[in-house]
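Asks: You'll find structure-v1.txt just under this line, and it carries compact mmCIF, C-alpha atoms.
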# COMPACT_ATOMS: atom_id res chain seq x y z
CA VAL R 1 4.42 -3.51 -19.72
CA ALA R 2 6.91 -6.30 -20.35
CA LEU R 3 10.48 -5.80 -21.54
CA ASP R 4 11.42 -9.38 -22.44
CA ARG R 5 9.89 -12.78 -23.09
CA ASP R 6 9.86 -13.93 -19.46
CA GLU R 7 8.19 -10.71 -18.32
CA ALA R 8 5.68 -11.01 -21.15
CA GLU R 9 4.72 -14.54 -20.07
CA GLU R 10 4.21 -13.42 -16.47
CA LEU R 11 2.23 -10.36 -17.54
CA ARG R 12 0.11 -12.50 -19.82
CA ARG R 13 -0.90 -14.59 -16.80
CA ARG R 14 -1.96 -11.43 -14.98
CA TYR R 15 -3.89 -10.31 -18.05
CA GLU R 16 -5.73 -13.64 -18.15
CA LEU R 17 -6.54 -13.17 -14.45
CA HIS R 18 -7.99 -9.73 -15.26
CA ARG R 19 -10.16 -11.24 -17.94
CA GLY R 20 -11.23 -14.09 -15.70
CA LEU R 21 -12.41 -11.60 -13.09
CA GLY R 22 -14.37 -9.63 -15.66
CA LEU R 23 -12.04 -6.61 -15.59
CA ASP R 24 -11.64 -4.40 -18.63
CA SER R 25 -8.19 -5.34 -19.89
CA GLU R 26 -6.69 -5.42 -23.37
CA TRP R 27 -3.51 -7.16 -24.49
CA LEU R 28 -1.28 -4.98 -26.66
CA ILE R 29 1.89 -5.68 -28.62
CA GLY R 30 4.88 -3.37 -28.19
CA ARG R 31 4.10 -0.83 -30.89
CA GLU R 32 0.50 -0.58 -29.66
CA CYS R 33 1.82 0.19 -26.18
CA ARG R 34 4.04 2.95 -27.61
CA ARG R 35 1.09 4.36 -29.54
CA LEU R 36 -0.63 4.96 -26.20
CA GLU R 37 2.53 6.04 -24.37
CA PRO R 38 5.20 7.27 -26.85
CA GLY R 39 7.79 7.60 -24.10
CA LEU R 40 8.00 3.85 -23.56
CA ALA R 41 11.31 2.19 -24.41
CA THR R 42 11.55 0.55 -27.82
CA VAL R 43 12.36 -2.79 -26.15
CA VAL R 44 8.83 -3.06 -24.69
CA ARG R 45 7.45 -6.34 -26.05
CA GLY R 46 3.86 -6.00 -24.93
CA GLY R 47 1.53 -4.86 -22.23
CA ALA R 48 -1.91 -5.01 -20.67
CA HIS R 49 -3.97 -1.85 -21.03
CA VAL R 50 -6.34 -1.56 -18.07
CA PRO R 51 -8.34 1.66 -18.63
CA GLY R 52 -10.21 1.32 -15.33
CA GLU R 53 -7.01 1.65 -13.29
CA ALA R 54 -6.84 4.84 -11.23
CA SER R 55 -4.72 6.54 -8.61
CA VAL R 56 -5.01 8.84 -5.61
CA ASP R 57 -2.47 10.89 -3.71
CA PRO R 58 -2.40 9.32 -0.22
CA ARG R 59 -1.23 12.56 1.41
CA ARG R 60 -4.17 14.48 -0.03
CA VAL R 61 -6.55 11.68 0.96
CA ILE R 62 -5.38 11.89 4.60
CA ALA R 63 -5.65 15.69 4.59
CA ALA R 64 -9.20 15.45 3.22
CA LEU R 65 -10.12 12.79 5.79
CA LEU R 66 -8.85 14.94 8.67
CA ALA R 67 -10.76 17.93 7.32
CA ALA R 68 -13.95 15.87 7.09
CA LEU R 69 -13.53 14.64 10.67
CA ASP R 70 -12.99 18.20 11.87
CA ARG R 71 -16.19 19.36 10.17
CA ARG R 72 -18.10 16.63 12.01
CA GLY R 73 -16.55 17.45 15.34
CA VAL R 74 -14.65 14.18 15.68
CA ALA R 75 -11.77 14.33 18.17
CA VAL R 76 -8.43 13.29 16.69
CA ARG R 77 -5.45 12.85 19.02
CA THR R 78 -2.04 12.42 17.43
CA GLY R 79 1.25 11.31 18.94
CA ALA R 80 -0.56 9.47 21.73
CA GLU R 81 1.28 6.21 22.38
CA VAL R 82 -1.05 3.52 23.74
CA ILE R 83 0.56 1.59 26.59
CA GLY R 84 -2.43 -0.43 27.74
CA ALA R 85 -6.00 -1.41 26.97
CA GLU R 86 -8.34 -3.45 29.16
CA LEU R 87 -11.87 -4.73 28.77
CA GLN R 88 -13.80 -3.89 31.93
CA ALA R 89 -17.56 -4.22 32.44
CA GLY R 90 -18.19 -4.40 28.69
CA ALA R 91 -16.12 -1.35 27.81
CA TRP R 92 -12.57 -0.85 26.63
CA ARG R 93 -10.33 1.46 28.65
CA VAL R 94 -7.27 2.65 26.77
CA ARG R 95 -4.31 4.29 28.50
CA THR R 96 -1.73 6.49 26.79
CA ARG R 97 1.80 7.21 27.90
CA GLU R 98 0.98 10.78 28.88
CA GLY R 99 -1.63 9.48 31.33
CA ARG R 100 -4.81 10.03 29.32
CA GLU R 101 -7.59 7.43 29.52
CA LEU R 102 -10.10 6.84 26.75
CA GLU R 103 -13.16 4.63 26.92
CA GLY R 104 -15.33 3.00 24.29
CA GLU R 105 -17.63 0.08 23.71
CA THR R 106 -15.48 -1.11 20.79
CA LEU R 107 -11.74 -0.93 20.17
CA VAL R 108 -10.46 -0.92 16.59
CA VAL R 109 -6.78 -1.76 16.16
CA ALA R 110 -5.68 -0.14 12.89
CA ALA R 111 -2.09 0.78 13.73
CA GLY R 112 -0.47 -0.23 10.47
CA CYS R 113 2.95 -1.83 10.85
CA TRP R 114 2.90 -1.01 14.59
CA SER R 115 -0.11 -3.29 15.16
CA GLY R 116 2.30 -6.12 15.93
CA GLN R 117 3.75 -4.05 18.79
CA ALA R 118 0.45 -3.92 20.70
CA ARG R 119 1.73 -6.20 23.47
CA TRP R 120 -1.20 -5.20 25.66
CA LEU R 121 -3.48 -7.36 23.50
CA THR R 122 -4.04 -10.99 24.48
CA ASP R 123 -3.40 -12.13 20.91
CA VAL R 124 -1.08 -9.67 19.17
CA PRO R 125 -1.65 -9.42 15.39
CA PRO R 126 1.33 -10.99 13.58
CA VAL R 127 2.14 -7.83 11.65
CA ARG R 128 5.67 -6.77 10.74
CA PRO R 129 7.10 -3.65 9.09
CA VAL R 130 8.18 -3.98 5.44
CA LYS R 131 10.30 -1.07 4.27
CA GLY R 132 9.67 0.64 0.95
CA GLU R 133 11.63 3.45 -0.67
CA ILE R 134 9.85 5.68 -3.16
CA LEU R 135 10.82 8.63 -5.36
CA THR R 136 9.06 11.76 -6.56
CA LEU R 137 10.31 13.21 -9.85
CA ARG R 138 9.04 16.38 -11.51
CA GLY R 139 8.82 17.71 -15.04
CA PRO R 140 6.62 20.06 -17.08
CA ALA R 141 2.95 19.49 -16.28
CA ASP R 142 2.02 20.08 -19.92
CA GLU R 143 4.58 17.58 -21.24
CA PRO R 144 4.43 14.52 -18.95
CA VAL R 145 6.65 11.53 -19.73
CA CYS R 146 3.53 9.39 -19.41
CA GLU R 147 -0.19 10.11 -19.13
CA ARG R 148 -1.19 6.80 -17.56
CA ILE R 149 0.03 4.65 -14.71
CA VAL R 150 2.89 2.63 -16.19
CA ALA R 151 4.09 -0.48 -14.41
CA GLY R 152 6.89 -2.87 -15.25
CA GLU R 153 7.83 -6.04 -13.43
CA ARG R 154 10.09 -4.19 -10.94
CA VAL R 155 8.77 -0.62 -10.91
CA TYR R 156 5.65 1.47 -11.26
CA MET R 157 5.23 5.12 -12.24
CA VAL R 158 2.20 7.22 -11.36
CA PRO R 159 1.82 10.65 -13.02
CA ARG R 160 0.24 13.55 -11.12
CA ALA R 161 -1.56 16.46 -12.76
CA ASP R 162 1.01 18.98 -11.47
CA GLY R 163 3.95 17.36 -13.29
CA ARG R 164 5.13 15.08 -10.50
CA LEU R 165 5.89 11.43 -11.24
CA ILE R 166 5.80 8.92 -8.40
CA VAL R 167 8.29 6.05 -8.84
CA GLY R 168 8.06 3.07 -6.53
CA ALA R 169 8.80 1.06 -4.70
CA THR R 170 11.41 -1.17 -3.09
CA VAL R 171 10.46 -4.05 -0.77
CA GLU R 172 12.88 -4.67 2.07
CA GLU R 173 12.72 -6.65 5.31
CA ARG R 174 14.63 -4.14 7.45
CA GLY R 175 12.54 -3.85 10.58
CA PHE R 176 11.59 -0.29 11.51
CA ASP R 177 14.46 1.29 9.57
CA THR R 178 13.32 4.21 7.36
CA THR R 179 16.72 5.26 5.99
CA VAL R 180 16.73 6.39 2.37
CA THR R 181 19.62 4.57 0.71
CA ALA R 182 21.68 5.24 -2.39
CA GLY R 183 21.05 1.66 -3.45
CA GLY R 184 17.29 2.04 -3.21
CA VAL R 185 17.30 5.28 -5.20
CA HIS R 186 19.59 3.73 -7.82
CA GLU R 187 17.40 0.64 -8.17
CA LEU R 188 14.24 2.67 -8.73
CA LEU R 189 15.84 5.06 -11.21
CA ARG R 190 17.48 2.20 -13.11
CA GLU R 191 14.25 0.23 -13.48
CA ALA R 192 12.20 3.33 -14.32
CA TYR R 193 14.77 4.31 -16.98
CA ARG R 194 14.51 0.86 -18.57
CA VAL R 195 10.77 1.45 -19.08
CA ILE R 196 10.68 5.20 -19.83
CA PRO R 197 14.15 6.58 -20.70
CA GLU R 198 12.91 10.20 -20.57
CA ILE R 199 12.76 10.07 -16.76
CA ALA R 200 16.52 10.85 -16.85
CA GLU R 201 15.63 14.45 -17.70
CA LEU R 202 13.29 14.97 -14.74
CA GLU R 203 14.08 16.70 -11.47
CA LEU R 204 14.58 14.42 -8.47
CA LEU R 205 12.19 16.15 -6.08
CA GLU R 206 12.00 13.76 -3.14
CA ALA R 207 13.23 10.38 -1.91
CA SER R 208 11.48 8.87 1.09
CA ALA R 209 10.99 5.58 2.88
CA GLY R 210 7.93 4.21 4.63
CA LEU R 211 6.81 1.07 6.43
CA ARG R 212 4.09 -1.26 5.20
CA PRO R 213 2.20 -3.64 7.51
CA GLY R 214 2.96 -7.18 6.34
CA SER R 215 1.24 -10.30 7.61
CA PRO R 216 2.55 -13.90 7.35
CA ASP R 217 0.62 -14.41 4.09
CA ASN R 218 0.71 -10.69 3.12
CA ALA R 219 -3.09 -10.55 3.10
CA PRO R 220 -4.92 -8.16 5.43
CA LEU R 221 -6.38 -8.94 8.83
CA ILE R 222 -9.92 -7.56 8.93
CA GLY R 223 -12.66 -8.47 11.40
CA PRO R 224 -13.29 -9.43 15.03
CA GLY R 225 -10.33 -10.11 17.30
CA ASP R 226 -10.17 -12.63 20.12
CA ALA R 227 -11.96 -10.45 22.68
CA GLU R 228 -15.41 -8.92 22.94
CA GLY R 229 -15.67 -5.54 21.25
CA LEU R 230 -12.29 -5.86 19.53
CA LEU R 231 -11.95 -5.28 15.78
CA ILE R 232 -8.76 -5.58 13.73
CA ALA R 233 -7.98 -3.72 10.50
CA THR R 234 -4.33 -4.05 9.54
CA GLY R 235 -1.80 -6.06 7.53
CA HIS R 236 -2.63 -4.60 4.10
CA PHE R 237 1.04 -4.81 2.97
CA ARG R 238 1.51 -2.87 -0.31
CA ASN R 239 -2.18 -2.23 -0.92
CA GLY R 240 -3.30 -0.11 2.03
CA VAL R 241 -4.51 2.95 0.14
CA LEU R 242 -6.14 0.71 -2.48
CA GLN R 243 -8.02 -1.44 0.03
CA ALA R 244 -8.83 1.37 2.49
CA PRO R 245 -12.36 2.06 1.16
CA VAL R 246 -13.60 -1.54 1.38
CA THR R 247 -11.86 -1.97 4.75
CA ALA R 248 -13.53 1.18 6.08
CA ASP R 249 -16.94 0.05 4.80
CA THR R 250 -16.41 -3.33 6.44
CA ILE R 251 -15.37 -1.98 9.84
CA ALA R 252 -18.19 0.60 9.77
CA ALA R 253 -20.72 -2.17 9.06
CA LEU R 254 -19.39 -4.31 11.92
CA LEU R 255 -19.50 -1.33 14.31
CA ALA R 256 -23.13 -0.75 13.33
CA GLY R 257 -24.00 -4.41 13.92
CA GLU R 258 -24.53 -5.05 10.22
CA ALA R 259 -23.24 -7.77 7.91
CA ALA R 260 -19.86 -7.13 6.30
CA PRO R 261 -20.06 -6.17 2.59
CA VAL R 262 -17.44 -8.82 1.71
CA ASP R 263 -16.63 -12.36 2.80
CA LEU R 264 -14.22 -11.93 5.72
CA ASP R 265 -13.27 -15.58 6.17
CA PRO R 266 -10.03 -15.29 4.10
CA PHE R 267 -9.01 -12.20 6.10
CA SER R 268 -10.01 -13.30 9.59
CA PRO R 269 -7.43 -12.28 12.23
CA GLN R 270 -8.17 -15.63 13.86
CA ARG R 271 -6.37 -17.49 11.08
CA PHE R 272 -3.12 -16.62 12.84
CA ALA R 273 -4.31 -17.28 16.39
CA GLY R 274 -1.37 -17.60 18.76
CA ARG R 275 1.18 -16.50 16.18
CA ALA R 276 2.90 -13.31 17.37
CA ALA R 277 4.68 -10.88 15.10
CA ASP R 278 8.37 -11.38 14.51
CA PRO R 279 10.52 -9.24 16.84
CA PRO R 280 11.82 -6.00 15.33
CA VAL R 281 15.01 -6.36 13.32
CA GLU R 282 17.93 -4.29 14.60
CA VAL R 283 19.59 -2.36 11.78
CA ALA R 284 23.06 -0.85 12.14
Could you rewrite the structure in this file as structure tokens?
Replies:
Amino acid sequence: VALDRDEAEELRRRYELHRGLGLDSEWLIGRECRRLEPGLATVVRGGAHVPGEASVDPRRVIAALLAALDRRGVAVRTGAEVIGAELQAGAWRVRTREGRELEGETLVVAAGCWSGQARWLTDVPPVRPVKGEILTLRGPADEPVCERIVAGERVYMVPRADGRLIVGATVEERGFDTTVTAGGVHELLREAYRVIPEIAELELLEASAGLRPGSPDNAPLIGPGDAEGLLIATGHFRNGVLQAPVTADTIAALLAGEAAPVDLDPFSPQRFAGRAADPPVEVA
């Protein structure tokens, strides 16, 4: 939704992009927006209704993924810091800090914002951490403040079936700092209140901060690295959970020796060849 003329012009450009890509999107004036979502502020000038938009809970997705791996007998090792990886006789040998060695024909680097810290690679992916603070509010599940995903220019709100409302998210270049700040919480609540004033009545359930993997152009790095048997899947910035399925399909296809399901040229890790990640920012 858009709250003023400038926001409406920008949103209109995004709506035209939707239409140009063949997505189901409908332009609505303010009162039509409020007919769909009565909790919207009266100052809403217009919006784009995108009925195909959906959401998932990333925590539940990860839990389901781990359960699926367990059912298939896949070994998952957590908290194992990789300190070295070498290609020897056509196989990768990976060493962890606790002294464990793992071996495989192919090595997939999918370490999120820590991918840029893999100094044991010949060509380190230029990936940096981008901090984001996010809030979880909670109200009655049978009387949600909104039934759909509602996004403004500076905030988005995602309702969950159990009454939770996810409000996100800030974008900050703060290195590996994950401190939850009063300023971040204030910014998110202020912008959410401008769009849906009823959020003031909800319980503040959780405030957290995470780190996104950003690349120099904020597009992902997906595909072969600079060494035999090396694949890269990182740099998804703010869209990791959204782009995870197509990334997984792509990496699986490459591992199986098949053609990628999408054109990988725009996302080739080689487009940044020789460009290392920025050093971590020290935060007091």
Asks: Record the distance separating CA of Leu21 in chain R and CA of Asp57 in chain R, expressed in Å with one decimal.
Replies: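 We find that CA of Leu21 in chain R and CA of Asp57 in chain R lie 26.3 Å from each other.
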Asks: Find, counting only C-alpha atoms, the residue in R:Ile62, R:Leu264, R:Ala75, R:Ile199 that gets nearest to Val241 in chain R.
Replies: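 Of all the options, R:Ile62 lies closest to Val241 in chain R.
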Asks: Edge lengths and centre, in Å to one decimal, as lines of an AutoDock Vina configuration file: that's what I need for the box along x, y and z that holds all listed atoms of range 222-226 of chain R plus 8 Å on each side.
Replies:
center_x = -11.6
center_y = -10.1
center_z = 14.5
size_x = 19.4
size_y = 21.1
size_z = 27.2
Asks: If we count all atoms listed in the file and set the cut-off at 9 Å, which residues sit around Ala118 in chain R, ignoring sequence neighbours fewer than 4 positions away in its own chain? Please answer as a list in words.
Replies: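 My list of contacting residues is Val82, Ile83, Gly84, Val109, Ala111, Trp114, Val124 and Pro125 of chain R.
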Asks: Which residue, R:Ala89, R:Val185, R:Leu202, R:Leu231, has the smallest gap to Leu135 in chain R when you use all atoms listed in the file?
Replies: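 Answer, going by the shortest atom-to-atom distance: R:Val185.
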Asks: Determine the nearest neighbour of Val155 in chain R from the options R:Trp120, R:Tyr193, R:Phe237, R:Tyr15, counting only C-alpha atoms.
Replies: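 Looking at the shortest contact to Val155 in chain R, the residue is R:Tyr193.
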Asks: Figure out the distance between CA of Gly168 in chain R and CA of Glu143 in chain R, please, to one decimal in Å.
Replies: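 CA of Gly168 in chain R lies at a distance of 21.0 Å from CA of Glu143 in chain R.
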Asks: Quick one: residues within 10 Å of (-11.0, -3.4, 2.3) (file frame), counting all atoms listed in the file, please, as a list in words.
Replies: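 Returned residue set, sorted by chain then number, is Pro220, Leu221, Ile222, Ala233, Thr234, His236, Asn239, Gly240, Val241, Leu242, Gln243, Ala244, Pro245, Val246, Thr247, Ala248, Asp249, Thr250, Ile251, Pro261, Val262, Leu264 and Phe267 of chain R.
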Asks: For the atom pair CA of Gly210 in chain R and CA of Arg138 in chain R, what is the interatomic distance in Å to one decimal place?
Replies: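 About the pair CA of Gly210 in chain R and CA of Arg138 in chain R: they are 20.2 Å apart.
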